[in-house]
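Chemist: File data-v5.cif follows (mmCIF, N, CA, C and O atoms):
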```
data_final
#
loop_
_atom_site.label_atom_id
_atom_site.label_comp_id
_atom_site.auth_asym_id
_atom_site.auth_seq_id
_atom_site.Cartn_x
_atom_site.Cartn_y
_atom_site.Cartn_z
N MET A 45 115.66 118.16 81.70
CA MET A 45 116.57 117.98 82.80
C MET A 45 117.81 117.29 82.26
O MET A 45 117.71 116.23 81.67
N ALA A 46 118.93 117.89 82.43
CA ALA A 46 120.18 117.29 81.98
C ALA A 46 120.65 116.25 82.99
O ALA A 46 120.50 116.44 84.19
N GLY A 47 121.18 115.16 82.50
CA GLY A 47 121.68 114.12 83.39
C GLY A 47 120.78 112.92 83.42
O GLY A 47 119.77 112.85 82.74
N ARG A 48 121.16 111.99 84.23
CA ARG A 48 120.48 110.71 84.29
C ARG A 48 119.69 110.58 85.58
O ARG A 48 120.13 111.03 86.63
N LEU A 49 118.53 109.98 85.49
CA LEU A 49 117.81 109.66 86.71
C LEU A 49 117.64 108.16 86.79
O LEU A 49 117.72 107.45 85.79
N SER A 50 117.45 107.69 88.02
CA SER A 50 117.26 106.25 88.22
C SER A 50 116.07 106.05 89.14
O SER A 50 115.70 106.93 89.90
N ALA A 51 115.46 104.87 89.04
CA ALA A 51 114.30 104.56 89.87
C ALA A 51 114.41 103.14 90.39
O ALA A 51 114.83 102.23 89.67
N THR A 52 114.00 102.97 91.65
CA THR A 52 113.98 101.66 92.28
C THR A 52 112.62 101.50 92.96
O THR A 52 112.26 102.32 93.81
N ALA A 53 111.88 100.46 92.57
CA ALA A 53 110.55 100.23 93.13
C ALA A 53 110.63 99.32 94.35
O ALA A 53 111.39 98.36 94.38
N GLY A 54 109.83 99.66 95.35
CA GLY A 54 109.67 98.84 96.54
C GLY A 54 108.19 98.68 96.80
O GLY A 54 107.36 99.06 95.97
N ASP A 55 107.83 98.16 97.94
CA ASP A 55 106.43 97.91 98.26
C ASP A 55 105.65 99.22 98.42
O ASP A 55 105.79 99.92 99.41
N GLY A 56 104.86 99.57 97.41
CA GLY A 56 104.03 100.76 97.45
C GLY A 56 104.76 102.08 97.26
O GLY A 56 104.19 103.14 97.49
N ALA A 57 106.02 102.02 96.85
CA ALA A 57 106.80 103.25 96.70
C ALA A 57 107.87 103.07 95.63
O ALA A 57 108.25 101.95 95.30
N VAL A 58 108.33 104.21 95.12
CA VAL A 58 109.42 104.23 94.16
C VAL A 58 110.40 105.32 94.59
O VAL A 58 109.99 106.44 94.89
N ASP A 59 111.68 104.98 94.65
CA ASP A 59 112.72 105.98 94.91
C ASP A 59 113.28 106.41 93.57
O ASP A 59 113.75 105.58 92.79
N VAL A 60 113.20 107.71 93.30
CA VAL A 60 113.72 108.27 92.06
C VAL A 60 114.86 109.23 92.42
O VAL A 60 114.67 110.16 93.21
N VAL A 61 116.02 108.98 91.84
CA VAL A 61 117.18 109.83 92.06
C VAL A 61 117.34 110.72 90.83
O VAL A 61 117.49 110.21 89.72
N VAL A 62 117.24 112.04 91.05
CA VAL A 62 117.35 112.99 89.94
C VAL A 62 118.69 113.75 90.04
O VAL A 62 119.21 113.93 91.14
N PRO A 63 119.23 114.19 88.90
CA PRO A 63 120.55 114.83 88.90
C PRO A 63 120.56 116.30 89.33
O PRO A 63 121.60 116.92 89.38
N VAL A 64 119.40 116.85 89.65
CA VAL A 64 119.31 118.28 89.99
C VAL A 64 118.63 118.43 91.35
O VAL A 64 118.13 117.48 91.93
N GLN A 65 118.58 119.68 91.83
CA GLN A 65 117.91 119.97 93.08
C GLN A 65 116.49 120.43 92.77
O GLN A 65 116.27 121.55 92.33
N VAL A 66 115.53 119.57 93.00
CA VAL A 66 114.12 119.86 92.71
C VAL A 66 113.60 120.98 93.62
O VAL A 66 112.85 121.85 93.19
N SER A 67 113.99 120.97 94.86
CA SER A 67 113.46 121.93 95.84
C SER A 67 113.86 123.38 95.55
O SER A 67 113.28 124.30 96.09
N SER A 68 114.82 123.60 94.68
CA SER A 68 115.26 124.95 94.36
C SER A 68 114.29 125.68 93.44
O SER A 68 114.43 126.87 93.21
N GLY A 69 113.34 124.95 92.87
CA GLY A 69 112.43 125.54 91.91
C GLY A 69 113.01 125.56 90.51
O GLY A 69 112.45 126.16 89.60
N GLU A 70 114.14 124.88 90.33
CA GLU A 70 114.83 124.82 89.04
C GLU A 70 113.97 124.14 87.97
O GLU A 70 114.10 124.43 86.79
N LEU A 71 113.10 123.24 88.39
CA LEU A 71 112.24 122.53 87.45
C LEU A 71 110.81 123.01 87.60
O LEU A 71 110.33 123.25 88.70
N ASP A 72 110.09 123.10 86.47
CA ASP A 72 108.69 123.48 86.57
C ASP A 72 107.84 122.27 86.94
O ASP A 72 108.31 121.14 86.99
N VAL A 73 106.56 122.51 87.20
CA VAL A 73 105.65 121.47 87.66
C VAL A 73 105.58 120.31 86.66
O VAL A 73 105.58 119.14 87.06
N THR A 74 105.53 120.61 85.38
CA THR A 74 105.46 119.56 84.37
C THR A 74 106.71 118.69 84.39
O THR A 74 106.62 117.46 84.29
N ALA A 75 107.87 119.30 84.57
CA ALA A 75 109.12 118.55 84.59
C ALA A 75 109.21 117.63 85.80
O ALA A 75 109.84 116.59 85.74
N VAL A 76 108.56 117.98 86.88
CA VAL A 76 108.53 117.13 88.08
C VAL A 76 107.44 116.08 87.94
O VAL A 76 107.64 114.91 88.27
N SER A 77 106.28 116.47 87.44
CA SER A 77 105.15 115.55 87.34
C SER A 77 105.42 114.39 86.40
O SER A 77 104.99 113.26 86.66
N GLN A 78 106.12 114.63 85.31
CA GLN A 78 106.35 113.57 84.33
C GLN A 78 107.08 112.37 84.92
O GLN A 78 106.59 111.25 84.84
N PRO A 79 108.24 112.53 85.57
CA PRO A 79 108.90 111.35 86.15
C PRO A 79 108.13 110.77 87.34
O PRO A 79 108.12 109.55 87.54
N VAL A 80 107.46 111.63 88.12
CA VAL A 80 106.69 111.13 89.27
C VAL A 80 105.55 110.25 88.78
O VAL A 80 105.36 109.13 89.28
N CYS A 81 104.78 110.72 87.82
CA CYS A 81 103.64 109.94 87.34
C CYS A 81 104.08 108.71 86.55
O CYS A 81 103.43 107.66 86.64
N THR A 82 105.18 108.82 85.82
CA THR A 82 105.70 107.64 85.13
C THR A 82 106.09 106.57 86.14
O THR A 82 105.75 105.39 85.98
N ALA A 83 106.78 106.96 87.20
CA ALA A 83 107.19 106.01 88.23
C ALA A 83 105.97 105.41 88.94
O ALA A 83 105.92 104.20 89.21
N ALA A 84 104.98 106.23 89.24
CA ALA A 84 103.79 105.76 89.95
C ALA A 84 102.99 104.76 89.14
O ALA A 84 102.34 103.87 89.69
N HIS A 85 103.02 104.89 87.81
CA HIS A 85 102.28 103.99 86.94
C HIS A 85 103.07 102.75 86.53
O HIS A 85 102.57 101.90 85.79
N ALA A 86 104.30 102.64 87.00
CA ALA A 86 105.13 101.46 86.68
C ALA A 86 104.62 100.25 87.47
O ALA A 86 103.69 100.36 88.27
N ASP A 87 105.24 99.13 87.25
CA ASP A 87 104.86 97.89 87.96
C ASP A 87 105.45 97.94 89.37
O ASP A 87 106.52 97.41 89.62
N VAL A 88 104.75 98.62 90.28
CA VAL A 88 105.22 98.81 91.65
C VAL A 88 104.65 97.72 92.54
O VAL A 88 103.43 97.52 92.58
N PRO A 89 105.51 97.00 93.28
CA PRO A 89 105.01 95.96 94.18
C PRO A 89 104.03 96.55 95.20
O PRO A 89 104.18 97.69 95.63
N GLY A 90 103.03 95.79 95.56
CA GLY A 90 102.07 96.21 96.57
C GLY A 90 100.67 96.39 96.05
O GLY A 90 99.72 96.48 96.82
N GLY A 91 100.51 96.48 94.74
CA GLY A 91 99.18 96.54 94.14
C GLY A 91 98.40 97.81 94.39
O GLY A 91 97.18 97.82 94.25
N LEU A 92 99.05 98.91 94.76
CA LEU A 92 98.34 100.17 94.98
C LEU A 92 98.03 100.85 93.65
O LEU A 92 98.80 100.72 92.69
N PRO A 93 96.94 101.61 93.59
CA PRO A 93 96.71 102.41 92.39
C PRO A 93 97.78 103.50 92.31
O PRO A 93 98.36 103.90 93.33
N ALA A 94 98.05 103.98 91.11
CA ALA A 94 99.12 104.96 90.90
C ALA A 94 98.96 106.19 91.80
O ALA A 94 99.96 106.76 92.25
N THR A 95 97.74 106.59 92.09
CA THR A 95 97.51 107.79 92.91
C THR A 95 97.88 107.58 94.38
O THR A 95 97.90 108.53 95.15
N GLU A 96 98.16 106.33 94.78
CA GLU A 96 98.53 106.04 96.17
C GLU A 96 99.98 105.58 96.33
O GLU A 96 100.41 105.26 97.44
N VAL A 97 100.72 105.54 95.23
CA VAL A 97 102.13 105.15 95.28
C VAL A 97 102.96 106.35 95.71
O VAL A 97 102.85 107.43 95.13
N ASP A 98 103.77 106.19 96.76
CA ASP A 98 104.68 107.25 97.18
C ASP A 98 105.90 107.25 96.26
O ASP A 98 106.56 106.22 96.10
N VAL A 99 106.17 108.39 95.66
CA VAL A 99 107.36 108.54 94.82
C VAL A 99 108.29 109.47 95.59
O VAL A 99 107.98 110.63 95.83
N ARG A 100 109.42 108.90 96.00
CA ARG A 100 110.38 109.64 96.83
C ARG A 100 111.50 110.17 95.92
O ARG A 100 112.22 109.39 95.32
N ILE A 101 111.57 111.49 95.84
CA ILE A 101 112.55 112.14 94.98
C ILE A 101 113.81 112.45 95.79
O ILE A 101 113.76 113.17 96.80
N HIS A 102 114.92 111.91 95.34
CA HIS A 102 116.23 112.18 95.94
C HIS A 102 116.96 113.12 94.99
O HIS A 102 117.05 112.86 93.79
N GLU A 103 117.49 114.21 95.52
CA GLU A 103 118.08 115.26 94.69
C GLU A 103 119.59 115.11 94.49
O GLU A 103 120.26 114.41 95.25
N ASN A 104 120.08 115.85 93.51
CA ASN A 104 121.50 115.98 93.23
C ASN A 104 122.21 114.66 92.97
O ASN A 104 123.39 114.49 93.29
N GLY A 105 121.49 113.69 92.43
CA GLY A 105 122.10 112.42 92.04
C GLY A 105 122.50 111.52 93.18
O GLY A 105 123.27 110.58 92.99
N THR A 106 121.99 111.77 94.39
CA THR A 106 122.40 111.01 95.56
C THR A 106 121.18 110.54 96.35
O THR A 106 120.27 111.33 96.61
N VAL A 107 121.18 109.29 96.76
CA VAL A 107 120.14 108.79 97.67
C VAL A 107 120.44 109.39 99.03
O VAL A 107 121.55 109.27 99.54
N SER A 108 119.46 110.06 99.61
CA SER A 108 119.68 110.73 100.88
C SER A 108 118.46 110.61 101.78
O SER A 108 117.39 110.21 101.34
N ILE A 109 118.64 111.01 103.04
CA ILE A 109 117.51 111.00 103.97
C ILE A 109 116.63 112.24 103.77
O ILE A 109 115.48 112.24 104.17
N ARG A 110 117.18 113.29 103.14
CA ARG A 110 116.38 114.47 102.81
C ARG A 110 115.80 114.26 101.42
O ARG A 110 116.50 114.31 100.43
N LEU A 111 114.53 113.96 101.37
CA LEU A 111 113.88 113.67 100.10
C LEU A 111 112.51 114.30 100.05
O LEU A 111 112.01 114.78 101.05
N TRP A 112 111.94 114.30 98.87
CA TRP A 112 110.59 114.81 98.65
C TRP A 112 109.70 113.62 98.35
O TRP A 112 110.01 112.83 97.47
N THR A 113 108.59 113.48 99.06
CA THR A 113 107.65 112.42 98.77
C THR A 113 106.44 113.03 98.07
O THR A 113 105.81 113.96 98.58
N LEU A 114 106.17 112.51 96.88
CA LEU A 114 105.09 113.03 96.04
C LEU A 114 104.19 111.90 95.59
O LEU A 114 104.59 110.72 95.64
N ARG A 115 103.00 112.24 95.15
CA ARG A 115 102.10 111.28 94.52
C ARG A 115 101.58 111.89 93.23
O ARG A 115 101.46 113.10 93.10
N CYS A 116 101.24 111.02 92.31
CA CYS A 116 100.67 111.46 91.04
C CYS A 116 99.16 111.59 91.23
O CYS A 116 98.48 110.62 91.58
N GLY A 117 98.65 112.78 91.01
CA GLY A 117 97.22 113.01 91.17
C GLY A 117 96.44 112.45 89.99
O GLY A 117 97.01 112.10 88.94
N PRO A 118 95.11 112.36 90.10
CA PRO A 118 94.29 111.81 89.04
C PRO A 118 94.40 112.61 87.73
O PRO A 118 94.19 112.06 86.66
N GLY A 119 94.78 113.88 87.81
CA GLY A 119 94.94 114.68 86.60
C GLY A 119 96.34 114.64 86.01
O GLY A 119 96.63 115.33 85.05
N GLY A 120 97.23 113.83 86.63
CA GLY A 120 98.58 113.71 86.10
C GLY A 120 99.57 114.73 86.63
O GLY A 120 100.66 114.86 86.10
N ASN A 121 99.21 115.43 87.69
CA ASN A 121 100.12 116.40 88.31
C ASN A 121 100.64 115.85 89.62
O ASN A 121 99.87 115.33 90.43
N ALA A 122 101.93 116.02 89.87
CA ALA A 122 102.54 115.57 91.11
C ALA A 122 102.18 116.54 92.23
O ALA A 122 102.13 117.75 92.03
N ALA A 123 101.93 115.99 93.41
CA ALA A 123 101.64 116.81 94.60
C ALA A 123 102.35 116.21 95.79
O ALA A 123 102.48 114.98 95.90
N PRO A 124 102.82 117.06 96.70
CA PRO A 124 103.50 116.56 97.91
C PRO A 124 102.56 115.73 98.77
O PRO A 124 101.36 116.01 98.86
N VAL A 125 103.12 114.72 99.43
CA VAL A 125 102.37 113.94 100.40
C VAL A 125 102.43 114.70 101.72
O VAL A 125 103.52 115.05 102.17
N THR A 126 101.30 114.98 102.29
CA THR A 126 101.27 115.70 103.55
C THR A 126 100.74 114.80 104.65
O THR A 126 99.96 113.90 104.40
N GLY A 127 101.17 115.12 105.86
CA GLY A 127 100.67 114.40 107.03
C GLY A 127 101.18 113.08 107.14
O GLY A 127 101.26 112.06 107.24
#
```
Kindly present the structure from the file in structure tokens form.
Modeler:
Amino acid sequence: MAGRLSATAGDGAVDVVVPVQVSSGELDVTAVSQPVCTAAHADVPGGLPATEVDVRIHENGTVSIRLWTLRCGPGGNAAPVTG
């Protein structure tokens, strides 16, 4: 992924701003899972296991209200949070 991404941890969640549009399918699953799982395994306030940390992906280099919330699964693959 070209460009810079940033991450900000909060209580049980991490906001990750990526320089591209993830929802377009421009990135493959591995390219999405790597930053999601890295963020989930960071020192996130709240003491949740990595599989329960919400990682909120903000696209196109901008923090926005339209975001993707994902979690890192036990196998290291990112999956959308549903419900």
Chemist: Would you mind telling me which residue in A:Val97, A:Ala75, A:Val60, A:Ala83 lies nearest to Leu111 (chain A) when using all atoms listed in the file?
Modeler: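 Using all atoms listed in the file, Leu111 (chain A) sits closest to A:Val60.
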Chemist: Taking the backbone alone, and naming residues the way the document does, which bits of chain A are strand (DSSP E or B) by DSSP, as a PyMOL selection string?
Modeler: chain A and resi 50-54+57-61+98-102+111-116+122-124
Chemist: If you count only C-alpha atoms, which residues fall within 12 Å of region 51-59 of chain A, apart from same-chain ones fewer than 3 positions away, as number ranges by chain?
Modeler: A: 48, 62, 79-103, 105-109, 111-116
Chemist: Interatomic distance between CA of Ala122 (chain A) and CA of Val64 (chain A)?
Modeler: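 It comes out at 17.0 Å.
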Chemist: Could you work out how far CA of Ala123 (chain A) lies from CA of Gln78 (chain A), giving the answer in Å with one decimal?
Modeler: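 For CA of Gln78 (chain A) relative to CA of Ala123 (chain A), the distance reads 11.8 Å.
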Chemist: As an MDAnalysis selection string, list the residues of chain A assigned to helix (DSSP H, G or I) by DSSP on the backbone atoms of this structure.
Modeler: chainID A and resid 66:68 73:84 94:96
Chemist: Please compute the CA of Val61 (chain A)-CA of Gly47 (chain A) distance, one decimal, in Å.
Modeler: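 Interatomic distance here is 10.7 Å.
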Chemist: Which of these residues is nearest to Gly120 (chain A), using only C-alpha atoms: A:Asn104, A:Thr74, A:Ser67, A:Ser50?
Modeler: A:Thr74
Chemist: Should you be able to, write region 58-69 of chain A of this structure into a file that contains all heavy atoms, as a PDB file, in the first residue's frame.
Modeler:
```
ATOM      1  N   VAL A  58      -9.042   0.678  18.084  1.00  0.00           N
ATOM      2  CA  VAL A  58      -7.965   1.407  17.428  1.00  0.00           C
ATOM      3  C   VAL A  58      -8.536   2.002  16.145  1.00  0.00           C
ATOM      4  O   VAL A  58      -9.199   1.307  15.369  1.00  0.00           O
ATOM      5  CB  VAL A  58      -6.770   0.490  17.082  1.00  0.00           C
ATOM      6  CG1 VAL A  58      -5.673   1.281  16.404  1.00  0.00           C
ATOM      7  CG2 VAL A  58      -6.238  -0.218  18.319  1.00  0.00           C
ATOM      8  N   ASP A  59      -8.299   3.288  15.929  1.00  0.00           N
ATOM      9  CA  ASP A  59      -8.664   3.930  14.668  1.00  0.00           C
ATOM     10  C   ASP A  59      -7.427   3.936  13.784  1.00  0.00           C
ATOM     11  O   ASP A  59      -6.380   4.458  14.178  1.00  0.00           O
ATOM     12  CB  ASP A  59      -9.141   5.367  14.912  1.00  0.00           C
ATOM     13  CG  ASP A  59     -10.519   5.393  15.540  1.00  0.00           C
ATOM     14  OD1 ASP A  59     -11.485   5.063  14.831  1.00  0.00           O
ATOM     15  OD2 ASP A  59     -10.627   5.728  16.739  1.00  0.00           O
ATOM     16  N   VAL A  60      -7.554   3.335  12.601  1.00  0.00           N
ATOM     17  CA  VAL A  60      -6.460   3.279  11.648  1.00  0.00           C
ATOM     18  C   VAL A  60      -6.888   4.052  10.394  1.00  0.00           C
ATOM     19  O   VAL A  60      -7.930   3.756   9.800  1.00  0.00           O
ATOM     20  CB  VAL A  60      -6.099   1.819  11.273  1.00  0.00           C
ATOM     21  CG1 VAL A  60      -5.002   1.780  10.222  1.00  0.00           C
ATOM     22  CG2 VAL A  60      -5.688   1.041  12.507  1.00  0.00           C
ATOM     23  N   VAL A  61      -6.086   5.040  10.029  1.00  0.00           N
ATOM     24  CA  VAL A  61      -6.355   5.831   8.834  1.00  0.00           C
ATOM     25  C   VAL A  61      -5.414   5.341   7.740  1.00  0.00           C
ATOM     26  O   VAL A  61      -4.198   5.375   7.906  1.00  0.00           O
ATOM     27  CB  VAL A  61      -6.140   7.338   9.107  1.00  0.00           C
ATOM     28  CG1 VAL A  61      -6.410   8.152   7.847  1.00  0.00           C
ATOM     29  CG2 VAL A  61      -7.034   7.811  10.252  1.00  0.00           C
ATOM     30  N   VAL A  62      -6.013   4.837   6.646  1.00  0.00           N
ATOM     31  CA  VAL A  62      -5.220   4.315   5.532  1.00  0.00           C
ATOM     32  C   VAL A  62      -5.323   5.269   4.333  1.00  0.00           C
ATOM     33  O   VAL A  62      -6.325   5.955   4.173  1.00  0.00           O
ATOM     34  CB  VAL A  62      -5.666   2.892   5.123  1.00  0.00           C
ATOM     35  CG1 VAL A  62      -5.436   1.903   6.251  1.00  0.00           C
ATOM     36  CG2 VAL A  62      -7.107   2.859   4.683  1.00  0.00           C
ATOM     37  N   PRO A  63      -4.280   5.303   3.486  1.00  0.00           N
ATOM     38  CA  PRO A  63      -4.258   6.265   2.380  1.00  0.00           C
ATOM     39  C   PRO A  63      -5.080   5.851   1.156  1.00  0.00           C
ATOM     40  O   PRO A  63      -5.138   6.580   0.179  1.00  0.00           O
ATOM     41  CB  PRO A  63      -2.773   6.341   2.028  1.00  0.00           C
ATOM     42  CG  PRO A  63      -2.237   5.010   2.399  1.00  0.00           C
ATOM     43  CD  PRO A  63      -3.017   4.592   3.606  1.00  0.00           C
ATOM     44  N   VAL A  64      -5.715   4.694   1.197  1.00  0.00           N
ATOM     45  CA  VAL A  64      -6.460   4.191   0.038  1.00  0.00           C
ATOM     46  C   VAL A  64      -7.896   3.873   0.446  1.00  0.00           C
ATOM     47  O   VAL A  64      -8.250   3.908   1.615  1.00  0.00           O
ATOM     48  CB  VAL A  64      -5.801   2.918  -0.537  1.00  0.00           C
ATOM     49  CG1 VAL A  64      -4.430   3.208  -1.089  1.00  0.00           C
ATOM     50  CG2 VAL A  64      -5.754   1.807   0.485  1.00  0.00           C
ATOM     51  N   GLN A  65      -8.704   3.503  -0.547  1.00  0.00           N
ATOM     52  CA  GLN A  65     -10.078   3.113  -0.283  1.00  0.00           C
ATOM     53  C   GLN A  65     -10.143   1.593  -0.170  1.00  0.00           C
ATOM     54  O   GLN A  65     -10.071   0.884  -1.168  1.00  0.00           O
ATOM     55  CB  GLN A  65     -10.998   3.612  -1.388  1.00  0.00           C
ATOM     56  CG  GLN A  65     -12.445   3.350  -1.074  1.00  0.00           C
ATOM     57  CD  GLN A  65     -13.366   4.033  -2.061  1.00  0.00           C
ATOM     58  OE1 GLN A  65     -12.962   4.929  -2.793  1.00  0.00           O
ATOM     59  NE2 GLN A  65     -14.608   3.615  -2.080  1.00  0.00           N
ATOM     60  N   VAL A  66     -10.265   1.100   1.038  1.00  0.00           N
ATOM     61  CA  VAL A  66     -10.292  -0.346   1.299  1.00  0.00           C
ATOM     62  C   VAL A  66     -11.547  -0.982   0.703  1.00  0.00           C
ATOM     63  O   VAL A  66     -11.501  -2.073   0.150  1.00  0.00           O
ATOM     64  CB  VAL A  66     -10.218  -0.620   2.816  1.00  0.00           C
ATOM     65  CG1 VAL A  66     -10.327  -2.100   3.111  1.00  0.00           C
ATOM     66  CG2 VAL A  66      -8.938  -0.058   3.389  1.00  0.00           C
ATOM     67  N   SER A  67     -12.661  -0.308   0.792  1.00  0.00           N
ATOM     68  CA  SER A  67     -13.937  -0.881   0.347  1.00  0.00           C
ATOM     69  C   SER A  67     -14.012  -1.113  -1.157  1.00  0.00           C
ATOM     70  O   SER A  67     -14.878  -1.829  -1.635  1.00  0.00           O
ATOM     71  CB  SER A  67     -15.092   0.030   0.779  1.00  0.00           C
ATOM     72  OG  SER A  67     -14.945   1.325   0.225  1.00  0.00           O
ATOM     73  N   SER A  68     -13.102  -0.552  -1.920  1.00  0.00           N
ATOM     74  CA  SER A  68     -13.112  -0.721  -3.374  1.00  0.00           C
ATOM     75  C   SER A  68     -12.600  -2.085  -3.803  1.00  0.00           C
ATOM     76  O   SER A  68     -12.700  -2.450  -4.959  1.00  0.00           O
ATOM     77  CB  SER A  68     -12.256   0.359  -4.035  1.00  0.00           C
ATOM     78  OG  SER A  68     -10.885   0.128  -3.745  1.00  0.00           O
ATOM     79  N   GLY A  69     -12.006  -2.821  -2.878  1.00  0.00           N
ATOM     80  CA  GLY A  69     -11.405  -4.104  -3.217  1.00  0.00           C
ATOM     81  C   GLY A  69      -9.993  -3.947  -3.753  1.00  0.00           C
ATOM     82  O   GLY A  69      -9.392  -4.889  -4.237  1.00  0.00           O
TER      83      GLY A  69
END
```
